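Student: Below you will find the structure I want to go over with you.
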Amino acid sequence: MKLSAELEDFAARIGHDFKRPELLLRAVTHSSMSSPTREHNQRLEFLGDRVLGLVTANALFDADKKASEGQLAPRFNALVRKETCADVARQVDLGAVLKLGRSEMMSGGRRKEALLGDAMEAVIAAVYLDAGFEVAQTLILRLWGARIDNVDVDSRDAKTALQEWAQARKFATPKYKQIKREGPDHAPVFTIEVSVQTGETEIAVAGAKRQAEQAAAKALLDRLES
């Protein structure tokens with residue numbers, strides 16, 4: 001088969017020439033668009049998640065010879081979590097080439113965090129199946145490169161880290177409050193406030209509720225620990 005012009009452009013953006021173009025087509029096909037003659041990307045997502053994990057763990061292991069498991073684990077989690085995969089997907093404009101059913105299209109599927117993250121993992125699997133582990137590894141290190149180089153020494157999930165900060169001081173669990181939701185259903189914008197028992201608060205705005213909560217927690221934690 002021959003790829004469409006938009007998929008050819010996407011393949012060029014990620015720097016891979018597919019010998020089996022059907023793999024890329026499957027990787028960008030959401031389950032809402034599947035049919036008896038068109039496979040969706042869920043199985044590829046499963047495989048890509050494992051390939052990404054191995055490459056990332058190996059890169060972190062090599063990058064810091066003295067780091068303990070307790071130091072490596074949060075860095076690893078920061079690099080492979082869905083939000084990071086979605087950020088990389090946006091970097092290569094993966095959303096523009098996703099094959100979505102009408103309902104997903106109307107609900108803003110091209111911008112959904114989970115959907116973008118899953119598709120990015122599926123693309124990794126497609127490259128791995130098309131050309132092998134070393135090529136997939138090179139792709140991941142190129143796309144994730146700056147993130148791997150600059151990952152924080154302690155890259156804990158911000159909400160978890162804030163909760164641990166509160167627990168260490170025997171405070172109540174931090175509270176998250178949705179201040180407002182704006183925009184159409186297919187492209188909402190959330191404003192979230194987080195507060196701790198001592199009265200400190202922070203507010204963040206993002207296109208996904210969880211993303212706004214994470215941003216607010218990080219901002220508050222940075223202030224509390226400064």
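The way I read the labels, and the way they are meant: chains A, B, ... in the order of the structure tokens, residue 1 as the first residue of every chain, and ligand 1 as the first ligand shown, with later ones counted on from there.
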With a distance cut-off of 8 Å and only C-alpha atoms, select the neighbouring residues of segment 135-145 of chain A, excluding the residue or stretch itself and same-chain residues fewer than 4 positions from it, and output the selection as a list of chain:residue names.

Tutor: A:Ile14, A:Gly15, A:Val51, A:Leu52, A:Val55, A:Leu79, A:Val88, A:Ile124, A:Ala125, A:Val127, A:Tyr128, A:Ala131, A:Asp149

Student: With segment 7-13 of chain A as the partner and 10 Å as the cut-off, tabulate the residues of segment 42-120 of chain A that qualify, each row holding the nearest pair of atoms and their distance in Å to one decimal, using only C-alpha atoms, sorted by chain and rising number, as CSV.

Tutor:
residue,atom,partner,partner_atom,distance
A:Gln91,CA,A:Arg13,CA,9.6
A:Val92,CA,A:Arg13,CA,6.3
A:Asp93,CA,A:Phe10,CA,7.8
A:Leu94,CA,A:Phe10,CA,7.3
A:Ala96,CA,A:Phe10,CA,8.9
A:Val97,CA,A:Leu7,CA,6.6
A:Leu98,CA,A:Leu7,CA,9.4

Student: Take the residues that were just selected and, keeping C-alpha atoms, output them as a short mmCIF file (atom, residue, chain, number, x, y, z; two decimals), in the first residue's frame.

Tutor:
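This is the output file selection12.cif:
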data_model
loop_
_atom_site.label_atom_id
_atom_site.label_comp_id
_atom_site.auth_asym_id
_atom_site.auth_seq_id
_atom_site.Cartn_x
_atom_site.Cartn_y
_atom_site.Cartn_z
CA GLN A 91 5.82 18.02 19.05
CA VAL A 92 5.49 15.95 15.86
CA ASP A 93 1.87 17.02 15.23
CA LEU A 94 0.57 13.47 15.51
CA ALA A 96 -3.24 16.06 12.67
CA VAL A 97 -2.98 12.56 11.14
CA LEU A 98 -5.10 10.53 13.58
#

Student: I need the alpha helix (DSSP H) residues of segment 28-164 of chain A per DSSP on the backbone, written as a ChimeraX atom specification.

Tutor: /A:42-63,69-80,82-91,102-106,113-131,133-150,158-164

Student: Check the smallest atom-to-atom distance from each of A:Ala168, A:Ala187, A:Leu221, A:Ile148 to Asp64 of chain A using only C-alpha atoms, then report the winner.

Tutor: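 Closest candidate: A:Ile148.
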
Student: From the list A:Asn77, A:Thr173, A:Ser195, A:Asn41, which residue is nearest Ala57 of chain A when using only C-alpha atoms?

Tutor: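 Going through A:Asn77, A:Thr173, A:Ser195, A:Asn41 one by one, the smallest distance to Ala57 of chain A is for A:Asn77.
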
Student: I'd like the neighbourhood of Pro184 of chain A as a list in words, where a residue qualifies if any of its atoms comes within 12 Å (using only C-alpha atoms), though same-chain residues fewer than 6 positions away should be ignored.

Tutor: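 Selected residues are Met106, Ser107, Gly108, Phe190 and Gly207 of chain A.
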
Student: Using N, CA and C atoms, can you write the selected residues to a file as a short mmCIF file (atom, residue, chain, number, x, y, z; two decimals), in the first residue's frame?

Tutor:
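Saved the output as part_22.cif:
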data_model
loop_
_atom_site.label_atom_id
_atom_site.label_comp_id
_atom_site.auth_asym_id
_atom_site.auth_seq_id
_atom_site.Cartn_x
_atom_site.Cartn_y
_atom_site.Cartn_z
N MET A 106 -15.68 14.93 16.91
CA MET A 106 -16.51 16.03 17.40
C MET A 106 -16.18 16.40 18.84
N SER A 107 -15.66 15.45 19.61
CA SER A 107 -15.35 15.73 21.02
C SER A 107 -13.91 16.17 21.23
N GLY A 108 -13.23 16.52 20.14
CA GLY A 108 -11.87 17.05 20.25
C GLY A 108 -10.80 16.01 20.46
N PHE A 190 -9.79 24.31 31.59
CA PHE A 190 -10.09 24.17 33.01
C PHE A 190 -9.21 25.09 33.84
N GLY A 207 -5.85 22.58 29.24
CA GLY A 207 -6.91 22.01 28.41
C GLY A 207 -7.44 20.69 28.89
#

Student: Excluding Leu24 of chain A and any residue of its chain fewer than 3 positions from it, enumerate the residues within 9 Å of it, using only C-alpha atoms, and give them as a CSV table (one decimal) with C-alpha atoms, in the first residue's frame.

Tutor:
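Heads up, here's the output in selection-v4.csv:
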chain,number,residue,atom,x,y,z
A,3,LEU,CA,0.7,6.2,2.4
A,7,LEU,CA,1.1,10.3,6.5
A,11,ALA,CA,6.8,9.8,8.6
A,18,PHE,CA,8.3,2.8,6.5
A,20,ARG,CA,5.5,-1.7,5.8
A,21,PRO,CA,3.4,1.5,5.6
A,27,ALA,CA,-0.8,3.1,14.6
A,28,VAL,CA,-2.8,6.3,13.8
A,29,THR,CA,-6.1,4.6,13.7
A,122,ALA,CA,1.6,2.9,18.9
A,123,VAL,CA,3.8,4.8,16.5
A,126,ALA,CA,5.1,0.5,14.4
A,127,VAL,CA,8.7,1.7,13.9

Student: Neighbours of Arg90 of chain A within 9 Å (only C-alpha atoms; same-chain residues fewer than 4 positions away dropped), as a short mmCIF file (atom, residue, chain, number, x, y, z; two decimals) with N, CA and C atoms, in the first residue's frame?

Tutor:
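Result saved to selection-v1.cif:
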data_model
loop_
_atom_site.label_atom_id
_atom_site.label_comp_id
_atom_site.auth_asym_id
_atom_site.auth_seq_id
_atom_site.Cartn_x
_atom_site.Cartn_y
_atom_site.Cartn_z
N CYS A 85 4.20 11.40 26.79
CA CYS A 85 3.96 10.84 25.45
C CYS A 85 3.09 11.78 24.63
N ALA A 86 2.09 12.38 25.26
CA ALA A 86 1.21 13.32 24.55
C ALA A 86 1.98 14.57 24.14
N LEU A 94 1.23 14.75 15.75
CA LEU A 94 0.57 13.47 15.51
C LEU A 94 -0.94 13.61 15.44
N GLY A 95 -1.49 14.53 16.22
CA GLY A 95 -2.94 14.72 16.22
C GLY A 95 -3.52 15.00 14.86
N ARG A 111 -6.94 16.43 20.33
CA ARG A 111 -6.22 17.14 21.39
C ARG A 111 -6.26 16.41 22.73
N LEU A 116 -3.67 11.00 22.46
CA LEU A 116 -2.38 11.34 21.84
C LEU A 116 -1.27 10.47 22.41
#

Student: Ranking A:Ala89, A:Ala78, A:Val151, A:Leu23 by minimum distance to Asp130 of chain A and counting only C-alpha atoms, which one comes first?

Tutor: A:Leu23
